[in-house]
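Colleague: What follows is start16.txt, made up of compact mmCIF, C-alpha atoms and all ligand atoms:
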```
# COMPACT_ATOMS: atom_id res chain seq x y z
CA MET A 179 -29.53 -39.96 -60.00
CA HIS A 180 -30.99 -38.00 -62.93
CA GLY A 181 -30.88 -41.18 -65.03
CA VAL A 182 -32.57 -43.19 -62.28
CA VAL A 183 -35.42 -40.66 -62.09
CA LEU A 184 -35.91 -40.63 -65.86
CA ALA A 185 -36.00 -44.42 -65.95
CA PHE A 186 -39.22 -44.31 -63.88
CA LEU A 187 -40.95 -41.72 -66.07
CA PRO A 188 -42.55 -41.93 -69.51
CA ILE A 189 -39.90 -41.57 -72.23
CA GLY A 190 -39.21 -37.93 -73.11
CA SER A 191 -40.79 -36.52 -69.93
CA GLY A 192 -39.13 -35.24 -66.79
CA PRO A 193 -36.26 -32.73 -66.43
CA ALA A 194 -33.98 -32.77 -69.47
CA THR A 195 -30.65 -32.34 -67.71
CA PRO A 196 -29.25 -32.99 -64.23
CA SER A 197 -29.14 -29.26 -63.52
CA ASP A 198 -32.81 -28.87 -64.54
CA MET A 199 -33.59 -31.59 -62.07
CA ILE A 200 -31.59 -29.90 -59.31
CA ASP A 201 -33.52 -26.68 -59.91
CA ASN A 202 -36.76 -28.60 -59.31
CA LEU A 203 -35.77 -30.37 -56.13
CA SER A 204 -37.12 -27.63 -53.88
CA SER A 205 -40.59 -27.78 -55.52
CA ARG A 206 -43.32 -30.27 -54.68
CA LEU A 207 -42.93 -33.53 -56.62
CA ARG A 208 -46.42 -33.11 -58.15
CA ASP A 209 -45.26 -29.84 -59.72
CA TRP A 210 -42.43 -31.30 -61.73
CA VAL A 211 -42.63 -35.10 -61.89
CA PRO A 212 -45.08 -36.15 -64.61
CA LEU A 213 -46.85 -39.04 -62.86
CA ASP A 214 -50.55 -39.77 -62.33
CA TRP A 215 -50.77 -38.16 -58.90
CA HIS A 216 -54.41 -39.24 -58.40
CA GLN A 217 -53.15 -42.80 -58.07
CA LEU A 218 -50.34 -41.97 -55.64
CA PRO A 219 -50.26 -41.02 -51.95
CA THR A 220 -51.04 -37.32 -51.39
CA ALA A 221 -48.10 -36.88 -49.05
CA MET A 222 -45.76 -38.05 -51.78
CA GLY A 223 -47.03 -35.42 -54.23
CA GLU A 224 -46.57 -32.71 -51.59
CA LEU A 225 -43.02 -33.74 -50.86
CA ALA A 226 -40.17 -31.37 -51.69
CA VAL A 227 -36.74 -32.94 -51.68
CA LEU A 228 -34.75 -29.84 -50.72
CA GLY A 229 -35.60 -26.95 -48.40
CA ARG A 230 -33.75 -24.03 -46.86
CA ASN A 231 -32.42 -24.43 -43.34
CA ASP A 232 -32.07 -21.61 -40.78
CA ASN A 233 -28.77 -20.53 -42.31
CA GLY A 234 -30.31 -20.21 -45.77
CA HIS A 235 -28.53 -23.30 -47.11
CA GLU A 236 -30.44 -25.90 -49.07
CA GLU A 237 -30.61 -29.29 -47.45
CA LEU A 238 -32.63 -32.50 -47.58
CA THR A 239 -36.09 -31.89 -46.06
CA GLU A 240 -37.24 -34.01 -43.15
CA ASP A 241 -40.10 -35.37 -45.28
CA ALA A 242 -37.67 -36.53 -47.95
CA PHE A 243 -35.45 -38.08 -45.33
CA GLU A 244 -38.33 -39.97 -43.73
CA ALA A 245 -39.70 -41.10 -47.09
CA GLY A 246 -36.27 -42.47 -47.98
CA LEU A 247 -36.03 -44.27 -44.68
CA SER A 248 -39.42 -45.92 -44.97
CA TYR A 249 -38.43 -47.36 -48.34
CA LEU A 250 -35.17 -48.47 -46.82
CA GLU A 251 -37.07 -50.23 -44.01
CA ALA A 252 -38.93 -52.28 -46.57
CA LEU A 253 -35.63 -53.78 -47.71
CA TYR A 254 -34.83 -55.31 -44.34
CA GLY A 255 -35.73 -58.91 -43.73
CA ASP A 256 -37.42 -59.79 -40.44
CA ASP A 257 -34.13 -61.29 -39.38
CA GLY A 258 -32.48 -57.88 -39.64
CA GLN A 259 -30.58 -58.92 -42.75
CA PHE A 260 -30.48 -56.40 -45.54
CA ASP A 261 -31.57 -57.39 -49.01
CA LEU A 262 -28.64 -56.39 -51.19
CA GLY A 263 -30.54 -57.27 -54.33
CA GLY A 264 -31.26 -53.56 -54.64
CA ALA A 265 -28.03 -52.70 -56.43
CA TRP A 266 -29.65 -49.47 -57.68
CA LEU A 267 -29.51 -47.95 -54.21
CA PRO A 268 -27.09 -45.08 -53.64
CA ALA A 269 -23.94 -46.14 -51.83
CA TRP A 270 -24.68 -44.21 -48.62
CA VAL A 271 -27.97 -46.04 -48.22
CA ARG A 272 -26.27 -49.41 -48.55
CA GLN A 273 -23.51 -48.39 -46.19
CA THR A 274 -25.92 -47.15 -43.54
CA ALA A 275 -28.01 -50.26 -43.77
CA GLU A 276 -25.10 -52.64 -43.89
CA GLN A 277 -23.57 -50.92 -40.93
CA THR A 278 -26.70 -51.58 -38.87
CA GLU A 279 -26.94 -55.14 -39.95
CA ARG A 280 -23.28 -56.03 -39.71
CA SER A 281 -22.24 -54.19 -36.61
CA THR A 282 -25.33 -54.88 -34.57
CA PHE A 283 -27.64 -57.76 -35.36
CA ARG A 284 -24.76 -60.05 -36.23
CA GLN A 285 -22.93 -59.15 -33.03
CA ILE A 286 -25.88 -59.53 -30.71
CA ARG A 287 -27.16 -62.72 -32.34
CA SER A 288 -23.87 -64.51 -31.79
CA GLY A 289 -24.62 -65.12 -28.11
CA ASN A 290 -27.44 -66.89 -26.31
CA GLN A 291 -31.01 -65.69 -25.67
CA ALA A 292 -30.15 -63.99 -22.35
CA GLU A 293 -27.29 -62.06 -23.95
CA TYR A 294 -29.49 -61.12 -26.88
CA GLU A 295 -32.15 -59.70 -24.53
CA ALA A 296 -29.54 -57.81 -22.53
CA ALA A 297 -28.04 -56.33 -25.69
CA ARG A 298 -31.37 -55.24 -27.19
CA ALA A 299 -32.50 -53.64 -23.92
CA MET A 300 -29.19 -51.83 -23.55
CA LEU A 301 -29.41 -50.36 -27.07
CA SER A 302 -32.79 -48.85 -26.20
CA GLU A 303 -32.10 -47.81 -22.63
CA VAL A 304 -28.48 -46.66 -22.95
CA PRO A 305 -28.11 -44.78 -26.23
CA CYS A 306 -25.21 -42.69 -24.80
CA GLY A 307 -22.68 -42.66 -22.03
CA THR A 308 -19.07 -42.20 -21.09
CA LYS A 309 -16.75 -45.14 -21.61
CA GLN A 310 -16.94 -45.98 -17.92
CA THR A 311 -20.77 -45.82 -17.86
CA LEU A 312 -20.90 -48.17 -20.83
CA ILE A 313 -18.46 -50.63 -19.24
CA ASP A 314 -20.59 -50.61 -16.08
CA GLU A 315 -23.78 -51.16 -18.08
CA TYR A 316 -22.32 -54.06 -20.06
CA SER A 317 -21.34 -55.89 -16.88
CA ARG A 318 -24.48 -55.02 -14.89
CA ARG A 319 -26.70 -56.28 -17.70
CA GLY A 320 -24.56 -59.21 -18.84
CA ALA A 321 -24.65 -57.78 -22.37
CA PRO A 322 -22.00 -58.70 -24.95
CA ARG A 323 -19.71 -55.87 -26.11
CA MET A 324 -21.12 -54.14 -29.17
CA ASP A 325 -19.15 -52.13 -31.66
CA VAL A 326 -21.82 -49.42 -32.04
CA TYR A 327 -20.88 -46.57 -29.69
CA GLU A 328 -19.02 -43.67 -31.29
CA PRO A 329 -18.18 -40.03 -30.51
CA LEU A 330 -21.00 -37.46 -30.74
CA SER A 331 -21.35 -35.84 -34.14
CA ARG A 332 -20.60 -32.11 -34.23
CA ASP A 333 -24.13 -31.02 -35.07
CA ARG A 334 -25.26 -32.36 -31.68
CA VAL A 335 -22.71 -30.50 -29.57
CA HIS A 336 -22.30 -26.90 -28.43
CA GLU A 337 -18.59 -26.14 -28.26
CA GLY A 338 -17.85 -23.60 -25.56
CA ARG A 339 -14.41 -22.19 -24.89
CA ASN A 340 -13.67 -24.45 -21.93
CA ALA A 341 -16.37 -27.06 -22.18
CA SER A 342 -18.77 -28.57 -24.66
CA TRP A 343 -22.34 -29.70 -24.09
CA TRP A 344 -25.14 -31.84 -25.51
CA TRP A 345 -28.81 -32.25 -24.70
CA PRO A 346 -30.68 -35.58 -24.51
CA CYS A 347 -34.07 -35.93 -26.22
CA PRO A 348 -36.71 -36.16 -23.46
CA GLU A 349 -38.04 -39.35 -25.05
CA CYS A 350 -35.11 -41.37 -26.42
CA ARG A 351 -32.19 -39.74 -24.49
CA TYR A 352 -30.22 -39.53 -27.78
CA PRO A 353 -28.40 -36.22 -28.40
CA MET A 354 -30.68 -33.70 -30.09
CA VAL A 355 -29.51 -31.82 -33.17
CA LEU A 356 -28.49 -28.21 -32.46
CA ARG A 357 -29.01 -26.08 -35.52
CA GLY A 358 -29.53 -22.32 -35.84
CA GLY A 359 -30.34 -21.99 -32.14
CA GLN A 360 -32.91 -24.80 -32.29
CA LEU A 361 -32.66 -28.11 -30.50
CA ARG A 362 -34.72 -31.09 -31.58
CA CYS A 363 -34.71 -34.85 -31.89
CA GLN A 364 -34.31 -36.08 -35.45
CA TYR A 365 -36.96 -38.75 -34.93
CA PRO A 366 -40.15 -36.91 -36.01
CA PRO A 367 -42.54 -38.58 -33.50
CA HIS A 368 -40.44 -37.27 -30.61
CA GLN A 369 -41.89 -33.95 -29.63
CA GLY A 370 -39.16 -32.04 -27.83
CA ARG A 371 -38.46 -28.71 -29.59
CA PHE A 372 -36.34 -26.22 -27.73
CA GLY A 373 -34.50 -22.98 -28.28
CA ALA A 374 -30.86 -22.57 -27.27
CA LEU A 375 -29.85 -19.00 -26.40
CA LEU A 376 -26.31 -19.34 -27.70
CA ASP A 377 -25.32 -15.83 -26.56
CA SER A 378 -26.10 -16.78 -22.96
CA ALA A 379 -23.29 -19.37 -22.88
CA ARG A 380 -20.31 -18.57 -20.66
CA ASP A 381 -16.86 -20.18 -20.78
CA ASP A 382 -17.84 -22.93 -18.42
CA ARG A 383 -21.65 -22.73 -18.59
CA PRO A 384 -23.96 -24.08 -21.30
CA PRO A 385 -26.40 -21.82 -23.18
CA ARG A 386 -29.84 -21.36 -21.62
CA ILE A 387 -32.65 -23.47 -23.06
CA THR A 388 -36.16 -22.18 -23.77
CA GLY A 389 -39.38 -24.04 -24.45
CA LEU A 390 -39.10 -26.45 -21.52
CA SER A 391 -42.31 -27.83 -20.01
CA PRO A 392 -42.98 -30.19 -17.09
CA ARG A 393 -43.56 -33.02 -19.56
CA LEU A 394 -40.78 -32.22 -22.02
CA LYS A 395 -37.51 -31.08 -20.56
CA THR A 396 -33.81 -31.50 -21.12
CA THR A 397 -30.63 -30.48 -19.33
CA ALA A 398 -27.18 -29.87 -20.75
CA VAL A 399 -24.72 -32.73 -20.27
CA PRO A 400 -20.93 -32.30 -20.62
CA ALA A 401 -19.89 -33.79 -23.96
CA GLU A 402 -16.32 -34.64 -22.95
CA GLY A 403 -15.69 -38.36 -23.46
CA VAL A 404 -19.32 -39.19 -24.28
CA LEU A 405 -20.15 -41.87 -26.85
CA CYS A 406 -23.52 -42.60 -28.43
CA VAL A 407 -24.86 -45.41 -30.60
CA ASN A 408 -24.34 -44.75 -34.28
CA TRP A 409 -27.12 -43.08 -36.18
CA ALA A 410 -28.45 -46.21 -37.90
CA VAL A 411 -28.65 -48.18 -34.65
CA TRP A 412 -30.46 -45.30 -32.99
CA ARG A 413 -32.94 -44.97 -35.84
CA TYR A 414 -33.62 -48.69 -36.43
CA ILE A 415 -33.11 -50.24 -33.00
CA THR A 416 -33.16 -47.64 -30.22
CA CYS A 417 -36.28 -45.71 -31.29
CA PRO A 418 -38.58 -48.65 -32.11
CA GLY A 419 -37.09 -50.48 -29.12
CA LEU A 420 -38.34 -47.79 -26.72
CA ILE A 421 -41.93 -48.76 -27.47
CA GLU A 422 -41.11 -52.47 -27.17
CA VAL A 423 -39.25 -52.10 -23.88
CA GLY A 424 -41.95 -49.81 -22.43
CA LEU A 425 -44.64 -52.36 -23.25
CA MET A 426 -42.54 -55.25 -21.88
CA GLN A 427 -42.04 -53.40 -18.61
CA TRP A 428 -45.76 -52.68 -18.30
CA LEU A 429 -46.63 -56.34 -18.95
CA GLU A 430 -44.02 -57.49 -16.43
CA ARG A 431 -45.71 -55.38 -13.76
CA GLN A 432 -49.07 -57.13 -14.29
CA PRO A 433 -49.59 -59.84 -11.65
CA GLY A 434 -49.28 -63.39 -12.96
CA VAL A 435 -48.20 -62.40 -16.48
CA ARG A 436 -45.10 -64.07 -17.88
CA VAL A 437 -43.27 -62.08 -20.53
CA ALA A 438 -40.74 -63.53 -22.97
CA ARG A 439 -38.66 -60.69 -24.40
CA TRP A 440 -37.66 -61.05 -28.07
CA GLU A 441 -38.71 -64.67 -27.83
CA ASN A 442 -36.74 -67.35 -29.73
CA MET A 443 -33.99 -64.89 -30.63
CA ASP A 444 -36.50 -62.31 -31.82
CA GLU A 445 -38.85 -64.51 -33.81
CA TRP A 446 -41.38 -62.03 -32.38
CA ASP A 447 -40.90 -59.10 -30.00
CA ILE A 448 -42.92 -60.22 -26.96
CA GLY A 449 -44.40 -63.55 -25.92
CA VAL A 450 -47.23 -62.88 -23.44
CA TYR A 451 -48.44 -65.72 -21.19
CA LEU A 452 -51.48 -65.09 -18.97
CA PRO A 453 -52.33 -67.19 -15.89
CA ASP A 454 -55.48 -68.61 -17.55
CA GLY A 455 -53.39 -70.15 -20.34
CA TRP A 456 -54.06 -67.40 -22.89
CA ILE A 457 -51.00 -66.67 -25.03
CA CYS A 458 -50.18 -64.04 -27.59
CA ARG A 459 -47.14 -63.17 -29.65
CA VAL A 460 -46.68 -59.46 -30.14
CA ASP A 461 -44.76 -57.60 -32.81
CA VAL A 462 -44.40 -53.88 -32.27
CA LYS A 463 -44.37 -52.08 -35.63
CA ASP A 464 -43.27 -48.46 -35.87
CA HIS A 465 -43.35 -47.87 -39.63
CA LYS A 466 -44.31 -44.69 -41.37
CA ASP A 467 -45.89 -46.62 -44.23
CA PRO A 468 -48.37 -49.31 -43.05
CA GLN A 469 -48.21 -51.00 -46.44
CA SER A 470 -44.67 -52.14 -45.64
CA ILE A 471 -46.14 -54.14 -42.72
CA ILE A 472 -48.91 -55.62 -44.86
CA ASP A 473 -46.35 -56.61 -47.50
CA ARG A 474 -44.22 -58.43 -44.92
CA PRO A 475 -46.53 -59.58 -42.13
CA PRO A 476 -44.79 -60.68 -38.93
CA THR A 477 -44.69 -64.20 -37.45
CA GLY A 478 -46.72 -63.27 -34.35
CA GLU A 479 -50.46 -62.69 -34.74
CA THR A 480 -50.69 -59.56 -32.58
CA ILE A 481 -49.46 -56.32 -34.12
CA VAL A 482 -49.09 -53.31 -31.85
CA VAL A 483 -48.39 -49.83 -33.20
CA PRO A 484 -47.29 -46.80 -31.13
CA ASN A 485 -50.18 -44.54 -30.10
CA TYR A 486 -48.86 -41.85 -32.45
CA ARG A 487 -49.56 -44.25 -35.33
CA ARG A 488 -53.20 -44.87 -34.31
CA SER A 489 -54.40 -43.69 -37.71
CA GLN A 490 -52.80 -46.83 -39.22
CA VAL A 491 -54.85 -49.35 -37.23
CA ASN A 492 -57.89 -49.63 -39.54
CA ALA A 493 -55.85 -49.78 -42.73
CA LEU A 494 -53.57 -52.41 -41.24
CA GLN A 495 -56.42 -54.55 -39.97
CA ALA A 496 -58.18 -54.34 -43.32
CA GLY A 497 -54.99 -55.12 -45.23
CA LEU A 498 -54.27 -58.17 -43.06
CA ASP A 499 -57.81 -59.58 -42.75
CA ALA A 500 -57.25 -62.08 -45.54
CA VAL A 501 -53.75 -63.02 -44.38
CA ARG A 502 -52.78 -65.66 -41.79
CA THR A 503 -49.64 -66.16 -39.71
CA PRO A 504 -47.32 -69.03 -40.75
CA ASP A 505 -49.18 -71.21 -38.21
CA GLY A 506 -52.59 -70.21 -39.54
CA ARG A 507 -53.83 -67.57 -37.10
CA PRO A 508 -55.55 -64.30 -38.07
CA TYR A 509 -53.87 -61.00 -37.26
CA THR A 510 -55.18 -58.47 -34.75
CA VAL A 511 -53.92 -54.89 -34.73
CA PHE A 512 -53.88 -52.63 -31.64
CA THR A 513 -52.36 -49.38 -30.49
CA VAL A 514 -50.21 -49.71 -27.36
CA SER A 515 -53.05 -48.25 -25.22
CA ARG A 516 -55.69 -50.55 -26.66
CA PHE A 517 -53.47 -53.58 -26.28
CA LYS A 518 -52.89 -52.76 -22.61
CA ALA A 519 -56.64 -52.28 -22.10
CA SER A 520 -57.30 -55.65 -23.72
CA VAL A 521 -54.76 -57.44 -21.48
CA SER A 522 -56.16 -55.69 -18.38
CA LYS A 523 -59.65 -56.88 -19.25
CA ARG A 524 -58.50 -60.46 -19.68
CA LEU A 525 -56.67 -60.34 -16.37
CA LYS A 526 -59.93 -59.25 -14.71
CA GLY A 527 -61.63 -62.25 -16.28
CA GLU A 528 -63.65 -60.20 -18.78
CA ALA A 529 -63.71 -61.15 -22.44
CA ALA A 530 -61.35 -58.77 -24.26
ZN ZN A 601 -35.84 -38.71 -29.49
```
Is it possible to express this structure as structure tokens?

Modeller:
Amino acid sequence: MHGVVLAFLPIGSGPATPSDMIDNLSSRLRDWVPLDWHQLPTAMGELAVLGRNDNGHEELTEDAFEAGLSYLEALYGDDGQFDLGGAWLPAWVRQTAEQTERSTFRQIRSGNQAEYEAARAMLSEVPCGTKQTLIDEYSRRGAPRMDVYEPLSRDRVHEGRNASWWWPCPECRYPMVLRGGQLRCQYPPHQGRFGALLDSARDDRPPRITGLSPRLKTTAVPAEGVLCVNWAVWRYITCPGLIEVGLMQWLERQPGVRVARWENMDEWDIGVYLPDGWICRVDVKDHKDPQSIIDRPPTGETIVVPNYRRSQVNALQAGLDAVRTPDGRPYTVFTVSRFKASVSKRLKGEAA
């Protein structure tokens, strides 16, 4: 890794040895990487790779983790295939990405459109369950079996003497990470942050949880026999899928609207057909870096970002103004709320 870093810097600059580099990893990049930081994103200059966790151990910071993931996202094709041209990537990155691609998209694309829709919806709506729950869900939904559910990882479970417990994120239902008495979802936009009073646990009772609110709450679930989707599927399919599925369900409730989920085997996320003949093809984009969307614009002309990414709308629209879809249409960018408002207006017969 030291060699990789030096290869991107002017010759003779940068940390001289691997251990010099390690010493620098907990400082901001702008303090030790000799690059022209005026030309680079501010957040990148502020990023420290390592930080201390609650136990005083150094570990990868969340910012570094997210930055890595957004570069990783850029390597995926729209078909979910991973571009293996990047042979410089560390092995764990390739393995994580390949695992997502191989074990999921390939499996769920092997069936027909109805099976594909059932599989995608299940990955968003059922991130965890006991074996029996999962069997029931597969048959109720008509979804093909997917080799993506695995035992909970230990950092998401409280092991009591007679029982063990986990806590679902209020937003994605995936097990939150329990670390140093803190519970939180590893997906930064999800806002649940709770305390776990570990001393309050009894042999057969979970620890008490603090920080609950009417909007954000969680309850301990017995961990015995529970499986959850693997990390990569959760991060790349479950989390973005929540926004897609939520928007699909809203559209399906609007009178007269026909919704095509993941139309043409996911050529775009949502085909929307209004009674007056108006059609749009929506792609929901939940990327940290809007440039990665501009660099690889979707097939559909309507781009919808989660409300928590509303600050991206203007930059995206500006970056895509000169670009056209493969069939020659201009792009329009909305937040989820603005897109819903626009559809509501059209349904009332007003110009949107
Ligand atoms: Zn979550």

Colleague: Which chains and residue numbers are within 6 Å of ligand ZN 601 (chain A), counting only C-alpha atoms and all ligand atoms, if I want them as number ranges by chain?

Modeller: A: 347, 349-350, 352, 363, 365, 368

Colleague: What's around Gly389 (chain A) at 8 Å? Count all atoms listed in the file, leave out sequence neighbours fewer than 2 positions away in its own chain, and write the answer as a PyMOL selection string.

Modeller: chain A and resi 371-373+387+391

Colleague: With all atoms listed in the file as the basis for distance, which of A:Cys417, A:Leu425, A:Val399, A:Leu498 is at the shortest distance from Ser515 (chain A)?

Modeller: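 Nearest to Ser515 (chain A): A:Leu425.
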
Colleague: As a PyMOL selection string, please: the residues near Pro400 (chain A) (cut-off 7 Å, all atoms listed in the file, same-chain neighbours under 4 positions excluded).

Modeller: chain A and resi 342-344

Colleague: My list of candidates is A:Gly181, A:Pro366, A:Gly449, A:Pro384. Which is closest to Glu430 (chain A) when distances are computed with all atoms listed in the file?

Modeller: A:Gly449

Colleague: CA of Thr311 (chain A) and CA of Arg357 (chain A), how far apart in Å?

Modeller: 27.7 Å

Colleague: Restricting the calculation to all atoms listed in the file, which member of A:Arg284, A:Arg386, A:Lys395, A:Arg524 is positioned closest to Trp456 (chain A)?

Modeller: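 Answer, going by the shortest atom-to-atom distance: A:Arg524.
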
Colleague: So which residues touch Glu224 (chain A) within 12 Å, counting only C-alpha atoms, skipping near sequence neighbours fewer than 6 positions away, as a VMD selection string?

Modeller: chain A and resid 203 to 211 215 218 239 241 to 242 245

Colleague: Could you please take those selected residues and save C-alpha atoms as a PDB file, in the frame of the given file?

Modeller:
```
ATOM      1  CA  LEU A 203     -35.770 -30.370 -56.130  1.00  0.00           C
ATOM      2  CA  SER A 204     -37.120 -27.630 -53.880  1.00  0.00           C
ATOM      3  CA  SER A 205     -40.590 -27.780 -55.520  1.00  0.00           C
ATOM      4  CA  ARG A 206     -43.320 -30.270 -54.680  1.00  0.00           C
ATOM      5  CA  LEU A 207     -42.930 -33.530 -56.620  1.00  0.00           C
ATOM      6  CA  ARG A 208     -46.420 -33.110 -58.150  1.00  0.00           C
ATOM      7  CA  ASP A 209     -45.260 -29.840 -59.720  1.00  0.00           C
ATOM      8  CA  TRP A 210     -42.430 -31.300 -61.730  1.00  0.00           C
ATOM      9  CA  VAL A 211     -42.630 -35.100 -61.890  1.00  0.00           C
ATOM     10  CA  TRP A 215     -50.770 -38.160 -58.900  1.00  0.00           C
ATOM     11  CA  LEU A 218     -50.340 -41.970 -55.640  1.00  0.00           C
ATOM     12  CA  THR A 239     -36.090 -31.890 -46.060  1.00  0.00           C
ATOM     13  CA  ASP A 241     -40.100 -35.370 -45.280  1.00  0.00           C
ATOM     14  CA  ALA A 242     -37.670 -36.530 -47.950  1.00  0.00           C
ATOM     15  CA  ALA A 245     -39.700 -41.100 -47.090  1.00  0.00           C
TER      16      ALA A 245
END
```

Colleague: Produce the centre coordinates and the three edge lengths, each in Å to one decimal, of the box along x, y and z that contains all listed atoms of region 516-525 of chain A with 8 Å added on each side, as lines of an AutoDock Vina configuration file.

Modeller:
```
center_x = -56.3
center_y = -55.5
center_z = -21.5
size_x = 22.8
size_y = 25.9
size_z = 26.3
```
